[in-house]
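Report on the structure given below.
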Amino acid sequence: MYRSRAMRRWFAPLAVLICGVVPLASSVRAASAFALPAFQQTWQAGEALAPNFWGPLATAHDGQNEPYKEGSLDFSESGPTNPGQGMRLVQYFDKARMELTHPASGIVTNGLLATEMITGKVQLGDATFQPVPSPAIGIAGDPDNPGPTYAGLASNGTSLFATTPAKPGTFVTLIAAADGSVTDGGGFAGISMSPAITGYDATTQHNVLGVFMDYRTRVGLPTIGLAIGEPFRANVKVAGNAVTVFVQVFERRVLTYTATNPEPFKVEMGNIGQHYYRWRYGVGSGASPPAPAPATAVTGTVTYLQRSALPPDAIVAVSLADVSRADTPTVVIASQTIPTNGSQVPFPFALAYDPAKIDATHSYAVSARITSGGQLLFISTSAYRVITRGNPLTVEIVVQPAS
């Protein structure tokens with residue numbers, strides 16, 4: 001089976017009919033906002049490229065911190081040399097997970113979620129993995145589709161992931177059953193409804209269905225990744241009805257092709273972000289996921305009430321400090337610097353801290369300021385207490401004009 005590599009990149013694509021947007025569970029709260037302006041900009045760029053590229057914010061999750069060995073949460077640092085060492089900010093959407101591993105770089109990536117679920121390895125660093133059984137979640141179709149599942153393909157469909165010689169101009173003959181077992185139907189296996197194989201990923205040694213090659217070319221290789229398995233046919237349940245689809249697993253996504261769908265929905269993107277979140281955090285996945293990262297961050301937004309726009313070079317700085325004693329300088333616990341890049345309020349923030357350094361008898365507060373070209377524009381003038389003494393972990397900081 002193909003082994004995952006430490007590859008991550010920018011985007012994640014489409015799905016509407018085969019992989020319709022369905023909330024994970026009634027107890028899962030919809031995202032209140034994009035976790036960062038950079039996430040919003042990335043989302044807008046993707047949605048402009050293809051509809052439902054990421055999925056709507058209404059079915060996403062709020063930003064959260066996840067363990068990642070080389071990760072950082074400090075925008076003034078390029079590496080893990082700050083209180084956020086070993087953590088990174090992520091946000092889950094239907095189709096993918098946005099990641100900001102090194103905030104100073106400004107690069108928003110998405111991981112090898114499909115690879116992780118097929119191989120049964122949660123990636124916790126560039127070369128750090130935690131074994132977790134592949135999820136018993138249908139790879140395509142309705143949320144309650146019996147299969148094939150990631151777990152079934154990983155255990156019973158290993159032939160799909162074995163390296164294969166190039167077969168340009170041929171058709172899909174492999175058929176995956178609900179339990180993930182794979183048979184070769186020979187020349188009859190749906191040729192009349194199957195597009196031809198036209199591509200070959202030499203690095204992973206897998207053929208690529210022509211319509212998937214075209215789609216990948218349109219949305220970008222970094223979005224989809226290389227093929228890690230051969231294309232196959234499966235019967236899945238869509239809106240309660242049995243439908244024949246062609247499926248292929250790539251490093252980052254799962255693509256499906258349904259001949260009876262109208263354009264532009266013949267090729268669609270699986271709900272990888274939904275599936276992965278269910279797997280990792282145990283929302284009905286049937287697997288034993290890694291424990292979520294402890295809530296060791298103060299989160300919230302910075303905003304102001306004035307009806308004015310910030311200049312494009314404005315910088316938002318937020319800090320968490322121990323303010324227990326008025327007669328001594330405050331001790332900064334964590335800080336975050338957010339380049340606005342033309343975005344406007346509100347600005348989400350996440351200040352990671354080490355719980356071992358928190359004294360339950362002390363008082364802690366967050367503050368914020370907004371500058372441009374070294375000039376102070378806005379500053380917080382109220383005390384926003386957090387963490388101890390019954391205070392919250394999430395606050396809205398309303399800054400006031402500096403002059």
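Ordering of the structure tokens sets the chain letters (A, B, ...), residue numbers begin anew at 1 in every chain, and ligands are numbered from 1 in the order given.
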
Stretch 327-335 of chain A surroundings by only C-alpha atoms, 7 Å radius, close-in-sequence under 2 positions cut, as a ChimeraX atom specification: /A:74,83,318-323,325,337,351-353

Write out as a PyMOL selection string the residues lying within 10 Å of A:Ser403, counting only C-alpha atoms and excluding same-chain residues fewer than 5 positions away. chain A and resi 376-379

Have a look at A:Gln344, A:Gln274, A:Thr42, A:Thr394 and name the one nearest to A:Ile137; count only C-alpha atoms.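 For A:Ile137, the nearest of the given residues is A:Gln274.
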
With only C-alpha atoms as the atoms that count, which of A:Ala309, A:Ala31, A:Ala177, A:Ala45 lies nearest to A:His61?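 Closest to A:His61 of all the choices is A:Ala31.
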
Skipping near chain neighbours, those fewer than 4 positions away, what residues fall within 10 Å of A:Thr128 using only C-alpha atoms, listed as a compact mmCIF listing (two decimals) with C-alpha atoms, in the first residue's frame?
# COMPACT_ATOMS: atom_id res chain seq x y z
CA ALA A 6 4.86 14.83 4.54
CA TYR A 68 1.56 19.05 15.20
CA LYS A 69 5.20 18.55 16.14
CA GLU A 70 6.59 21.28 13.90
CA LYS A 121 -2.31 6.81 10.45
CA VAL A 122 -3.12 10.21 11.93
CA GLN A 123 -0.37 12.64 11.01
CA LEU A 124 0.90 14.57 14.06

Excluding A:Val219 and residues on its chain fewer than 2 positions from it, collect all residues at most 8 Å away from it, counting only C-alpha atoms, and give them as a PDB file with N, CA, C and O atoms, in the first residue's frame.
ATOM      1  N   PRO A  13     -11.599  20.566  -3.268  1.00  0.00           N
ATOM      2  CA  PRO A  13     -12.710  20.852  -4.166  1.00  0.00           C
ATOM      3  C   PRO A  13     -14.149  20.439  -3.838  1.00  0.00           C
ATOM      4  O   PRO A  13     -14.593  20.348  -2.756  1.00  0.00           O
ATOM      5  N   LEU A  49     -13.020  29.254  -7.776  1.00  0.00           N
ATOM      6  CA  LEU A  49     -12.483  28.299  -8.745  1.00  0.00           C
ATOM      7  C   LEU A  49     -13.484  27.216  -9.089  1.00  0.00           C
ATOM      8  O   LEU A  49     -13.603  26.804 -10.250  1.00  0.00           O
ATOM      9  N   ALA A  50     -14.220  26.740  -8.097  1.00  0.00           N
ATOM     10  CA  ALA A  50     -15.225  25.686  -8.314  1.00  0.00           C
ATOM     11  C   ALA A  50     -16.274  25.789  -7.217  1.00  0.00           C
ATOM     12  O   ALA A  50     -15.929  26.022  -6.056  1.00  0.00           O
ATOM     13  N   TYR A 215     -10.373  17.103 -14.177  1.00  0.00           N
ATOM     14  CA  TYR A 215     -10.790  17.844 -12.984  1.00  0.00           C
ATOM     15  C   TYR A 215      -9.570  18.290 -12.170  1.00  0.00           C
ATOM     16  O   TYR A 215      -9.497  19.433 -11.713  1.00  0.00           O
ATOM     17  N   ARG A 216      -8.614  17.398 -12.006  1.00  0.00           N
ATOM     18  CA  ARG A 216      -7.414  17.733 -11.249  1.00  0.00           C
ATOM     19  C   ARG A 216      -6.633  18.843 -11.925  1.00  0.00           C
ATOM     20  O   ARG A 216      -6.059  19.716 -11.255  1.00  0.00           O
ATOM     21  N   THR A 217      -6.581  18.820 -13.245  1.00  0.00           N
ATOM     22  CA  THR A 217      -5.894  19.882 -13.975  1.00  0.00           C
ATOM     23  C   THR A 217      -6.569  21.225 -13.718  1.00  0.00           C
ATOM     24  O   THR A 217      -5.896  22.253 -13.557  1.00  0.00           O
ATOM     25  N   LEU A 221      -3.141  20.167  -8.941  1.00  0.00           N
ATOM     26  CA  LEU A 221      -2.595  18.968  -8.300  1.00  0.00           C
ATOM     27  C   LEU A 221      -2.469  19.119  -6.790  1.00  0.00           C
ATOM     28  O   LEU A 221      -2.757  18.173  -6.049  1.00  0.00           O
ATOM     29  N   THR A 223      -4.401  20.451  -4.798  1.00  0.00           N
ATOM     30  CA  THR A 223      -5.723  20.249  -4.213  1.00  0.00           C
ATOM     31  C   THR A 223      -6.033  18.780  -4.045  1.00  0.00           C
ATOM     32  O   THR A 223      -6.526  18.340  -3.006  1.00  0.00           O
ATOM     33  N   ILE A 224      -5.762  17.990  -5.068  1.00  0.00           N
ATOM     34  CA  ILE A 224      -6.169  16.587  -5.105  1.00  0.00           C
ATOM     35  C   ILE A 224      -5.057  15.655  -4.640  1.00  0.00           C
ATOM     36  O   ILE A 224      -5.301  14.679  -3.930  1.00  0.00           O
TER      37      ILE A 224
END

I'd like to know which of A:Arg278, A:Arg253, A:Ala96, A:Pro56 is closest to A:Pro135, using only C-alpha atoms.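 The shortest atom-to-atom distance to A:Pro135 comes from A:Arg278.
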
Using only C-alpha atoms for the distances, tell me which of A:Gly273, A:Gly152, A:Gly55, A:Gly46 is nearest to A:Tyr92.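 Using only C-alpha atoms, the shortest distance to A:Tyr92 belongs to A:Gly273.
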